[in-house]
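Report on the structure given below.
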Amino acid sequence: ATPAPTATPVPPTAPPDLPKLTSIALDRAELPRYESLEMTVELEAQYENPYDARQVRLDGVFSGPNGIQMNVPGFWDGQGTWKIRFTPSNVGEWRYALTVSDARGTSTSAEGSFNISESERKGWLQIGKTVNPDYSARYLVHHDGSPFYGYGYCEALNILIDGFSVENGVGLFSNMVAAGENFVVWWPLYSMSPINSSYNNYSASNMSTIDAIVRDAEKKGIYLVFTVWDHPQLRGDNHPWGRGNWGNNNGFNKLVDLPEFFSDAEAWAWQENFYRYLIARWGYSPAIGMWQIVSEINGTESFEQTDAWHEKVNDYFVAHDPYRHPTTASMSGDVDWSAGYRVTDAPQVHLYEFDGGAIQAAEVLTFWTQSMWDAQEKPNWVGEFGVQGTAEYPELFHHSIWSALASGAAMTPAEWNSGGSWGRPTPEMKADMARFIQFVEGIPLARLNPERLEVSSSESQVRGWGIAGIEGGLFWVQDFALQGQPISELRTSEALRSGVQVELNGLLDGNYTVTPYDTWQGTFLEPIPVTCQAGQPCLVNLPDFKADMAFKIER
């Protein structure tokens with residue numbers, strides 16, 4: 001018989017030389033709720049490029065009271081340091097566990113804790129229904145559940161247009177705070193892109209500038225609609241809009257030709273690295289009001305990849321942002337984008353066709369706002385609008401913001417401002433916005449959970465729109481007799497509407513107080529008692545008014 005072979009013992013596998021976290025420094029061990037913590041991390045890992053998460057990644061798991069747990073990515077700051085930024089939402093003790101991963105595996109976790117106290121801060125923006133199931137899915141609230149309505153503009157190209165200083169921060173933000181405004185649309189990649197020259201080696205100086213802007217916005221309570229891709233960044237020479245910035249301001253041009261940006265696997269891997277970085281470095285901040293995935297995607301060369309690529313990017317932010325900032329995106333002026341509405345959290349449209357003048361602007365804004373309302377049960381808004389010059393302002397601005405509110409928009413239409421022929425907000429526009437804010441501030445729209453009202457008038461040249469829930473709401477009426485007339489006629493008209501009665505369809509039975517508001521003077525008038533009964537029209541006799549008037553409804 002053949003002897004059985006002798007087994008050769010296999011030496012035990014040596015444990016892998018895993019990466020290590022060697023030190024963690026917190027900028028403070030105690031902080032108020034909704035303020036931000038920065039952690040500086042030293043690590044030992046093997047990698048060639050710290051911006052490539054396939055080579056190295058720093059991750060944190062933050063566990064707080066009531067079982068909350070958040071997975072937060074870290075980042076390389078481009079100046080020699082690894083960091084993690086985190087904003088806690090609950091009062092009490094939080095624990096963290098940090099790990100670093102490279103090709104060899106994942107380190108053992110480094111753990112610690114910090115404490116959170118109460119504060120008056122309200123947190124980042126969320127969709128109402130995600131905070132409270134009884135709230136509306138059509139409006140935004142702060143993370144703590146307090147009401148939010150957006151008042152702002154589109155200063156996309158140059159957010160530093162009103163200056164910046166170390167002492168006072170961003171001049172635009174200071175001016176907004178003084179006016180009671182709270183949001184601004186911004187294209188950071190347009191003028192301070194981290195990837196202006198390379199897709200895999202980010203600009204430390206531009207990122208430091210963005211840091212300063214985000215911190216100042218957070219300090220002053222300004223919410224940024226942070227645009228990931230403005231359309232010039234994704235447009236080269238093969239588009240009807242003309243040359244864009246792909247060739248001179250987008251470092252992805254060193255990796256692929258523009259058509260492959262939307263479909264190539266390696267281009268997508270580096271996009272994921274970039275999106276992860278945006279979330280890690282700036283997503284911590286409550287000042288990030290929304291991620292605008294792309295502004296005017298039909299101004300890019302995405303072409304047949306438009307909907308698929310946009311959905312893919314949108315889904316990345318939804319899946320990986322621990323704070324779940326709402327997402328939004330747009331096509332260019334006066335275009336319905338049902339595929340975009342479906343996947344983003346906050347549908348938007350851009351409007352630049354106002355041939356009918358200031359009064360008809362209300363009809364334009366209402367049509368698009370109600371179209372988005374009907375398409376998706378989500379917060380909707382007009383992300384850009386306006387006309388060049390200031391000849392039609394403030395009237396066009398006025399009729400736009402009031403009609404959008406009355407027809408269900410979650411924020412004011414963002415009037416485009418970039419200087420030059422497009423101008424800037426005039427003192428009259430600022431005053432108009434202040435009167436608008438005074439009216440809206442007392443109406444918690446998300447909590448009211450309103451539906452649209454049908455507003456019909458006894459006067460054929462008066463029209464109106466409104467929204468209301470169980471506890472109340474609002475409506476706005478407009479005299480459109482001078483629609484289409486020169487702006488000078490509108491400004492000199494002394495026409496006064498008297499004896500107008502409106503019928504409101506959509507209010508529940510009950511007793512209401514309807515309080516008129518003079519939108520041009522900023523004053524509330526004598527309240528009107530109204531009773532609505534089943535089977536009978538809900539009638540309101542309006543006071544005399546000129547041009548338009550708003551009304552607050554309380555049950």
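Residue numbering restarts at 1 in every chain; chains get A, B, ... in the order shown in the structure tokens, and ligands count up from 1 in that same order.
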
With the cut-off set at 9 Å and counting only C-alpha atoms, tabulate each residue of stretch 185-208 of chain A with an atom at most that distance from an atom of stretch 272-278 of chain A, showing the nearest atom pair and its distance in Å to one decimal, ordered by chain and increasing number, as JSON lines.
```
{"residue": "A:Ile195", "atom": "CA", "partner": "A:Phe274", "partner_atom": "CA", "distance": 8.7}
{"residue": "A:Tyr199", "atom": "CA", "partner": "A:Phe274", "partner_atom": "CA", "distance": 8.2}
{"residue": "A:Asn200", "atom": "CA", "partner": "A:Phe274", "partner_atom": "CA", "distance": 8.6}
```

Saved selection, atoms kept: N, CA, C and O atoms, as a PDB file, in the first residue's frame:
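Dumped everything to selection-v1.pdb:
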```
ATOM      1  N   ILE A 195     -12.462  72.380  -8.895  1.00  0.00           N
ATOM      2  CA  ILE A 195     -11.931  71.551  -9.978  1.00  0.00           C
ATOM      3  C   ILE A 195     -11.695  72.380 -11.233  1.00  0.00           C
ATOM      4  O   ILE A 195     -11.823  71.887 -12.346  1.00  0.00           O
ATOM      5  N   TYR A 199      -9.439  67.423 -12.331  1.00  0.00           N
ATOM      6  CA  TYR A 199     -10.515  66.595 -11.772  1.00  0.00           C
ATOM      7  C   TYR A 199     -10.059  65.815 -10.544  1.00  0.00           C
ATOM      8  O   TYR A 199     -10.886  65.297  -9.790  1.00  0.00           O
ATOM      9  N   ASN A 200      -8.728  65.711 -10.328  1.00  0.00           N
ATOM     10  CA  ASN A 200      -8.227  64.859  -9.250  1.00  0.00           C
ATOM     11  C   ASN A 200      -7.279  65.568  -8.300  1.00  0.00           C
ATOM     12  O   ASN A 200      -6.624  64.929  -7.483  1.00  0.00           O
TER      13      ASN A 200
END
```

Pick from A:Ala481, A:Met549, A:Val540, A:Ala404, whichever lies nearest to A:Trp373 using only C-alpha atoms: A:Ala404

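Taking atom CA of A:Glu218 and atom CA of A:Pro286 as the two end points, the separation is 6.4 Å.
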
Show which residues sit within 8 Å of A:Ala280, as a list in words. Count only C-alpha atoms, and ignore same-chain residues fewer than 5 positions away. Val72, Pro73, Gly74, Phe75, Ile84 and Arg85 of chain A

Atoms kept (N, CA, C and O atoms) for selection, written as a PDB file, in the first residue's frame:
```pdb
ATOM      1  N   VAL A  72     -20.876  60.069   8.418  1.00  0.00           N
ATOM      2  CA  VAL A  72     -20.361  61.337   7.928  1.00  0.00           C
ATOM      3  C   VAL A  72     -18.982  61.126   7.300  1.00  0.00           C
ATOM      4  O   VAL A  72     -18.081  60.589   7.950  1.00  0.00           O
ATOM      5  N   PRO A  73     -18.786  61.519   6.041  1.00  0.00           N
ATOM      6  CA  PRO A  73     -17.461  61.377   5.424  1.00  0.00           C
ATOM      7  C   PRO A  73     -16.506  62.470   5.868  1.00  0.00           C
ATOM      8  O   PRO A  73     -16.901  63.584   6.177  1.00  0.00           O
ATOM      9  N   GLY A  74     -15.215  62.118   5.895  1.00  0.00           N
ATOM     10  CA  GLY A  74     -14.178  63.100   6.137  1.00  0.00           C
ATOM     11  C   GLY A  74     -13.545  63.533   4.829  1.00  0.00           C
ATOM     12  O   GLY A  74     -13.880  63.025   3.753  1.00  0.00           O
ATOM     13  N   PHE A  75     -12.596  64.470   4.909  1.00  0.00           N
ATOM     14  CA  PHE A  75     -12.001  65.005   3.685  1.00  0.00           C
ATOM     15  C   PHE A  75     -10.589  65.509   3.943  1.00  0.00           C
ATOM     16  O   PHE A  75     -10.213  65.860   5.070  1.00  0.00           O
ATOM     17  N   ILE A  84     -13.002  66.168   9.672  1.00  0.00           N
ATOM     18  CA  ILE A  84     -14.421  65.808   9.627  1.00  0.00           C
ATOM     19  C   ILE A  84     -15.193  66.959  10.253  1.00  0.00           C
ATOM     20  O   ILE A  84     -14.806  67.473  11.315  1.00  0.00           O
ATOM     21  N   ARG A  85     -16.254  67.371   9.573  1.00  0.00           N
ATOM     22  CA  ARG A  85     -17.137  68.413  10.101  1.00  0.00           C
ATOM     23  C   ARG A  85     -18.502  67.807  10.363  1.00  0.00           C
ATOM     24  O   ARG A  85     -19.024  67.059   9.532  1.00  0.00           O
TER      25      ARG A  85
END
```

Report as JSON lines: every residue of stretch 390-488 of chain A with an atom at most 9 Å from stretch 177-180 of chain A, its closest pair of atoms, and their distance in Å to one decimal, counting only C-alpha atoms, with rows sorted by chain and ascending residue number.
```
{"residue": "A:Lys430", "atom": "CA", "partner": "A:Ala179", "partner_atom": "CA", "distance": 6.8}
{"residue": "A:Ala431", "atom": "CA", "partner": "A:Ala179", "partner_atom": "CA", "distance": 8.2}
{"residue": "A:Met433", "atom": "CA", "partner": "A:Ala179", "partner_atom": "CA", "distance": 8.0}
{"residue": "A:Ala434", "atom": "CA", "partner": "A:Ala179", "partner_atom": "CA", "distance": 6.5}
{"residue": "A:Ile437", "atom": "CA", "partner": "A:Gly180", "partner_atom": "CA", "distance": 7.3}
```

Please identify all polymer residues within 9 Å of A:Phe62, counting only C-alpha atoms, omitting same-chain residues fewer than 4 positions from it, and present them as a PyMOL selection string. chain A and resi 68-72+86+88+94-98

Please produce a file of the residues just selected, as a PDB file, in the first residue's frame, where the atoms kept are C-alpha atoms.
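result_29.pdb was written with the following content:
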```
ATOM      1  CA  ILE A  68     -29.903  58.706  16.139  1.00  0.00           C
ATOM      2  CA  GLN A  69     -26.910  57.625  14.038  1.00  0.00           C
ATOM      3  CA  MET A  70     -25.295  59.517  11.173  1.00  0.00           C
ATOM      4  CA  ASN A  71     -22.567  58.363   8.774  1.00  0.00           C
ATOM      5  CA  VAL A  72     -20.361  61.337   7.928  1.00  0.00           C
ATOM      6  CA  PHE A  86     -20.348  67.549  11.901  1.00  0.00           C
ATOM      7  CA  PRO A  88     -25.470  67.638  15.868  1.00  0.00           C
ATOM      8  CA  TRP A  94     -22.871  62.155  21.317  1.00  0.00           C
ATOM      9  CA  ARG A  95     -20.295  59.464  20.588  1.00  0.00           C
ATOM     10  CA  TYR A  96     -18.132  59.155  17.515  1.00  0.00           C
ATOM     11  CA  ALA A  97     -16.240  56.286  15.932  1.00  0.00           C
ATOM     12  CA  LEU A  98     -13.758  57.193  13.186  1.00  0.00           C
TER      13      LEU A  98
END
```

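Near A:Asn250, within 7 Å and counting only C-alpha atoms, sit Ile195, Asn196, Ser197, Gln233, Asn245 and Trp246 of chain A; same-chain residues fewer than 4 positions away were not included.
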
Point out the residue among A:Asn175, A:Ser89, A:Ser488, A:Ile359 with the least atom-to-atom distance to A:Gly163, counting only C-alpha atoms. A:Asn175

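Using only C-alpha atoms, the protein and nucleic acid residues lying no more than 9 Å from stretch 256-262 of chain A, apart from those fewer than 5 places from it along its own chain, are Leu234, Arg235, Gly236, Trp246, Ala267, Trp268, Gln271, Glu301, Ser302, Phe303, Gln305, Thr306, Ala308 and Trp309 of chain A.
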
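When only C-alpha atoms are used to measure the gap to A:Leu525, the shortest distance among A:Leu542, A:Leu37, A:Ile127, A:Ala204 belongs to A:Leu542.
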
DSSP on the backbone: which residues in stretch 258-332 of chain A end up as strand (DSSP E)? Give the answer as a PyMOL selection string. chain A and resi 288-295+327-328

Would you kindly return, as a ChimeraX atom specification, each protein, DNA or RNA residue with an atom no farther than 6 Å from any atom of A:Phe183, considering only C-alpha atoms and excluding same-chain residues fewer than 5 positions away? /A:151-152,222-224

Counting only C-alpha atoms, the residue of A:Phe367, A:Trp422, A:Trp291, A:Tyr393 that sits nearest A:Ala409: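 So, comparing all the options, the nearest one is A:Phe367.
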
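Restricting the calculation to only C-alpha atoms, the smallest distance between A:Met331 and any of A:Asn505, A:Asn249, A:Gln55, A:Thr300 is found for A:Thr300.
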
Would you mind reading off the distance between atom CA of A:Asn248 and atom CA of A:Met207, one decimal, in Å? 18.2 Å

Counting only C-alpha atoms, the option among A:Gln360, A:Asp334, A:Glu42, A:Ile487 closest to A:Thr81: A:Glu42
